Amino acid sequence: PPSNPPNSPPPPAQPNAHHIQGYNLKAYQYNINGITGKIDELLHNMEKDKILIAAIQETKLTSKSKPIKTPNYTFVRKDRGTNKGGGLAFLVHKDINFTLEKTPNSHEQDPHLESLTISLPGKDNDHLYIRNVYIPPSSSCVQPYEPPFNDLFTDLGESYYILGDINAHSELWHSEATTDPRGRALGDTISGMDCGIINEDQPTRVTNLASTAPDISIASPNLIPTTTWKIANKMSSDHSPSSSALLPTLRNLTPNMLPSLIFPKPIGQNFKK
C-alpha cells in the first residue's frame with residue numbers, strides 16, 4: 001500500500017536541467033514475468049539509460065507480497081486480484097508530475113484485459129496519456145474470448161501511448177511472425193483508426209523455441225513521426241524491454257510538470273509532494 005506523507009514534506013526537488021532543456025522523456029515497456037527479485041536490476045538499468053517511466057506487465061504480485069522499495073521512483077501497481085500471475089505497474093521518476101487515471105468500466109468488466117493508465121500534464125489540457133495493458137495468451141483465456149481492442153483507446157486524449165503485452169502476433173510488426181487470429185484482429189483495429197504500432201520489426205521475447213513480438217507499442221498519430229523505439233538491454237525476464245524516446249510530446253508539455261513526487265493520492269487526483 002502507498003506510504004502516508006509525513007507531517008512536514010520536504011521541499012520540491014529541483015528538476016534536472018536536461019529534463020527541461022532537452023524535453024527528453026524515455027520510457028520502458030517491459031513484461032518482467034515476476035517482479036520479485038528483479039527490481040534492483042530494473043532500477044539499475046533505468047538509472048543507467050535515464051529512463052523516467054516504466055510500464056511493467058506480469059508483476060505477479062498479490063496482497064501478500066512484501067512492499068517493494070524503489071528509490072527515486074514512485075511505484076504504482078495494480079494486482080490481478082484473482083488467480084496467480086498478471087498484474088501491472090508503473091515506475092515513474094520522482095521528478096515527473098503525473099495523474100493516475102480511472103480505469104474504464106469496460107476494462108474492469110472484461111474477464112482478461114488488465115489496464116493501468118497515467119497522464120502527464122500538458123498545455124491547454126493536451127495531456128500525454130500512457131496506458132499499460134496486459135492480455136494473457138489465448139490458451140489462458142476462457143474460450144471463446146476476443147480481446148476488445150477498440151476499448152483499448154477508451155478515455156484517452158489526443159496524445160497517447162498504449163504499451164503492453166497483448167499476446168498478439170503479426171508480420172505487420174514482426175516479419176518473422178506467423179499472424180494469428182488475435183494479431184489479425186489487432187491489425188484490423190489499428191488500420192481503421194488514426195494511430196500506429198511503432199515496433200521496429202524486432203522480437204521482444206526470445207526462447208529456445210522461437211523469437212516473437214507479443215509486446216506492442218501503439219502511438220497516437222501526432223506522436224509517431226519523431227518517436228523512436230528500440231530493444232533495450234536484456235534483463236532476467238524471457239521478454240526484452242523496449243525503450244521509447246517520447247521526444248515530440250514534451251515539447252507540448254509545461255516545464256513545471258517536473259516537480260518531484262513521492263506520495264500517491266486517490267485516483268483522479270494529481271500526484272505531488
# chains A, B, ... in the order shown; residues from 1 in each chain; ligands from 1
call {"tool": "residues_around", "arguments": {"residues": "Asn83 in chain A", "least_positions_apart": "3", "cutoff": "12 Å", "atoms": "only C-alpha atoms", "output": "VMD selection string"}}
result
chain A and resid 60 to 63 79 to 80 86 to 87 111 to 112 140
call {"tool": "residues_around", "arguments": {"residues": "range 151-160 of chain A", "least_positions_apart": "2", "cutoff": "6 Å", "atoms": "only C-alpha atoms", "output": "PyMOL selection string"}}
result
chain A and resi 128-130+148-149+219-220
call {"tool": "closest_residue", "arguments": {"among": "A:Asn45, A:Thr82, A:Thr74, A:Thr226", "to": "Thr99 in chain A", "atoms": "only C-alpha atoms"}}
result
A:Thr74
call {"tool": "select_by_dssp", "arguments": {"residues": "range 210-249 of chain A", "states": "strand (DSSP E)", "output": "list of chain:residue names"}}
result
A:Ser211, A:Thr212, A:Asp215, A:Ile216, A:Ser217, A:Ile218, A:Ala219, A:Thr228, A:Trp229, A:Lys230, A:Ile231, A:Ser242, A:Ser243, A:Ser244, A:Ala245
call {"tool": "write_last_selection", "arguments": {"atoms": "C-alpha atoms", "output": "CSV table (one decimal), in the first residue's frame"}}
result
chain,number,residue,atom,x,y,z
A,211,SER,CA,11.6,-15.4,-31.3
A,212,THR,CA,8.3,-13.5,-31.1
A,215,ASP,CA,4.8,-6.8,-26.7
A,216,ILE,CA,3.4,-3.9,-28.6
A,217,SER,CA,3.8,-0.1,-28.5
A,218,ILE,CA,0.9,1.9,-30.0
A,219,ALA,CA,1.1,5.7,-30.5
A,228,THR,CA,12.0,6.4,-31.5
A,229,TRP,CA,11.6,2.7,-30.5
A,230,LYS,CA,14.3,0.1,-29.8
A,231,ILE,CA,15.1,-3.0,-27.8
A,242,SER,CA,11.6,-2.0,-25.3
A,243,SER,CA,12.7,1.7,-24.9
A,244,SER,CA,10.8,4.6,-26.5
A,245,ALA,CA,12.1,8.1,-26.6
call {"tool": "atom_distance", "arguments": {"atom1": "CA of Ala177 in chain A", "atom2": "CA of Ala232 in chain A"}}
result
20.3 Å
call {"tool": "closest_residue", "arguments": {"among": "A:Ser106, A:Ser175, A:Asn167, A:Thr204", "to": "Pro136 in chain A", "atoms": "only C-alpha atoms"}}
result
A:Asn167
call {"tool": "atom_distance", "arguments": {"atom1": "CA of Asp194 in chain A", "atom2": "CA of Pro137 in chain A"}}
result
26.1 Å
call {"tool": "atom_distance", "arguments": {"atom1": "CA of Glu114 in chain A", "atom2": "CA of Ala185 in chain A"}}
result
18.2 Å
call {"tool": "residues_around", "arguments": {"residues": "Arg77 in chain A", "least_positions_apart": "3", "cutoff": "10 Å", "atoms": "only C-alpha atoms", "output": "list in words"}}
result
Pro1, Pro2, Ile56, Gln57, Thr59, Leu61, Thr74, Arg80, Gly87, Leu88, Ala89, Phe90, Leu91 and Leu116 of chain A
call {"tool": "select_by_dssp", "arguments": {"residues": "range 69-151 of chain A", "states": "alpha helix (DSSP H)", "output": "PyMOL selection string"}}
result
chain A and resi 105-109
call {"tool": "write_last_selection", "arguments": {"atoms": "N, CA and C atoms", "output": "mmCIF file, in the first residue's frame"}}
result
data_model
loop_
_atom_site.group_PDB
_atom_site.id
_atom_site.type_symbol
_atom_site.label_atom_id
_atom_site.label_comp_id
_atom_site.auth_asym_id
_atom_site.auth_seq_id
_atom_site.Cartn_x
_atom_site.Cartn_y
_atom_site.Cartn_z
ATOM 1 N N ASN A 105 -14.754 1.480 -17.271
ATOM 2 C CA ASN A 105 -15.634 0.413 -16.802
ATOM 3 C C ASN A 105 -15.545 -0.834 -17.678
ATOM 4 N N SER A 106 -15.407 -0.609 -18.990
ATOM 5 C CA SER A 106 -15.342 -1.759 -19.903
ATOM 6 C C SER A 106 -14.107 -2.608 -19.623
ATOM 7 N N HIS A 107 -13.024 -1.986 -19.168
ATOM 8 C CA HIS A 107 -11.816 -2.745 -18.817
ATOM 9 C C HIS A 107 -12.033 -3.516 -17.523
ATOM 10 N N GLU A 108 -12.671 -2.861 -16.556
ATOM 11 C CA GLU A 108 -12.918 -3.513 -15.269
ATOM 12 C C GLU A 108 -13.818 -4.745 -15.427
ATOM 13 N N GLN A 109 -14.741 -4.669 -16.391
ATOM 14 C CA GLN A 109 -15.701 -5.751 -16.574
ATOM 15 C C GLN A 109 -15.171 -6.878 -17.463
#
call {"tool": "residues_around", "arguments": {"residues": "range 179-184 of chain A", "least_positions_apart": "4", "cutoff": "9 Å", "atoms": "only C-alpha atoms", "output": "list in words"}}
result
Ser138, Glu146, Pro147, Ile166, Asn167, Ala168, His169, Ser170, Glu171, Leu172, Asp188 and Thr189 of chain A
call {"tool": "write_last_selection", "arguments": {"atoms": "N, CA, C and O atoms", "output": "PDB file, in the first residue's frame"}}
result
ATOM      1  N   SER A 138      -4.115 -16.640 -25.610  1.00  0.00           N
ATOM      2  CA  SER A 138      -5.426 -17.268 -25.826  1.00  0.00           C
ATOM      3  C   SER A 138      -5.580 -18.560 -25.040  1.00  0.00           C
ATOM      4  O   SER A 138      -6.667 -18.887 -24.546  1.00  0.00           O
ATOM      5  N   GLU A 146     -12.581 -12.864 -27.340  1.00  0.00           N
ATOM      6  CA  GLU A 146     -11.991 -11.955 -28.319  1.00  0.00           C
ATOM      7  C   GLU A 146     -11.644 -10.652 -27.612  1.00  0.00           C
ATOM      8  O   GLU A 146     -12.535  -9.969 -27.100  1.00  0.00           O
ATOM      9  N   PRO A 147     -10.365 -10.299 -27.538  1.00  0.00           N
ATOM     10  CA  PRO A 147      -9.983  -9.070 -26.835  1.00  0.00           C
ATOM     11  C   PRO A 147     -10.690  -7.849 -27.426  1.00  0.00           C
ATOM     12  O   PRO A 147     -10.808  -7.719 -28.650  1.00  0.00           O
ATOM     13  N   ILE A 166       0.230  -7.825 -25.371  1.00  0.00           N
ATOM     14  CA  ILE A 166      -1.129  -8.131 -25.821  1.00  0.00           C
ATOM     15  C   ILE A 166      -1.222  -9.573 -26.311  1.00  0.00           C
ATOM     16  O   ILE A 166      -2.303 -10.088 -26.572  1.00  0.00           O
ATOM     17  N   ASN A 167      -0.058 -10.241 -26.432  1.00  0.00           N
ATOM     18  CA  ASN A 167      -0.029 -11.623 -26.911  1.00  0.00           C
ATOM     19  C   ASN A 167      -0.738 -11.773 -28.251  1.00  0.00           C
ATOM     20  O   ASN A 167      -1.515 -12.707 -28.480  1.00  0.00           O
ATOM     21  N   ALA A 168      -0.469 -10.802 -29.123  1.00  0.00           N
ATOM     22  CA  ALA A 168      -0.966 -10.849 -30.498  1.00  0.00           C
ATOM     23  C   ALA A 168       0.243 -10.887 -31.423  1.00  0.00           C
ATOM     24  O   ALA A 168       1.223 -10.172 -31.191  1.00  0.00           O
ATOM     25  N   HIS A 169       0.177 -11.684 -32.447  1.00  0.00           N
ATOM     26  CA  HIS A 169       1.336 -11.864 -33.331  1.00  0.00           C
ATOM     27  C   HIS A 169       0.942 -11.594 -34.783  1.00  0.00           C
ATOM     28  O   HIS A 169      -0.088 -12.065 -35.245  1.00  0.00           O
ATOM     29  N   SER A 170       1.788 -10.821 -35.453  1.00  0.00           N
ATOM     30  CA  SER A 170       1.513 -10.488 -36.850  1.00  0.00           C
ATOM     31  C   SER A 170       2.803 -10.068 -37.540  1.00  0.00           C
ATOM     32  O   SER A 170       3.679  -9.455 -36.927  1.00  0.00           O
ATOM     33  N   GLU A 171       2.876 -10.387 -38.821  1.00  0.00           N
ATOM     34  CA  GLU A 171       4.032  -9.956 -39.605  1.00  0.00           C
ATOM     35  C   GLU A 171       4.021  -8.445 -39.825  1.00  0.00           C
ATOM     36  O   GLU A 171       4.998  -7.879 -40.297  1.00  0.00           O
ATOM     37  N   LEU A 172       2.915  -7.784 -39.465  1.00  0.00           N
ATOM     38  CA  LEU A 172       2.858  -6.325 -39.592  1.00  0.00           C
ATOM     39  C   LEU A 172       3.893  -5.654 -38.700  1.00  0.00           C
ATOM     40  O   LEU A 172       4.423  -4.600 -39.040  1.00  0.00           O
ATOM     41  N   ASP A 188      -6.508  -5.183 -37.906  1.00  0.00           N
ATOM     42  CA  ASP A 188      -7.731  -4.609 -38.471  1.00  0.00           C
ATOM     43  C   ASP A 188      -8.180  -3.390 -37.668  1.00  0.00           C
ATOM     44  O   ASP A 188      -8.626  -2.384 -38.234  1.00  0.00           O
ATOM     45  N   THR A 189      -8.070  -3.475 -36.340  1.00  0.00           N
ATOM     46  CA  THR A 189      -8.470  -2.351 -35.488  1.00  0.00           C
ATOM     47  C   THR A 189      -7.583  -1.136 -35.741  1.00  0.00           C
ATOM     48  O   THR A 189      -8.071  -0.014 -35.916  1.00  0.00           O
TER      49      THR A 189
END
call {"tool": "closest_residue", "arguments": {"among": "A:Leu113, A:Ile190, A:Leu120, A:Leu209", "to": "Leu25 in chain A", "atoms": "only C-alpha atoms"}}
result
A:Leu120
call {"tool": "closest_residue", "arguments": {"among": "A:Thr227, A:Ile135, A:Pro144, A:Ser65", "to": "Asn199 in chain A", "atoms": "only C-alpha atoms"}}
result
A:Thr227
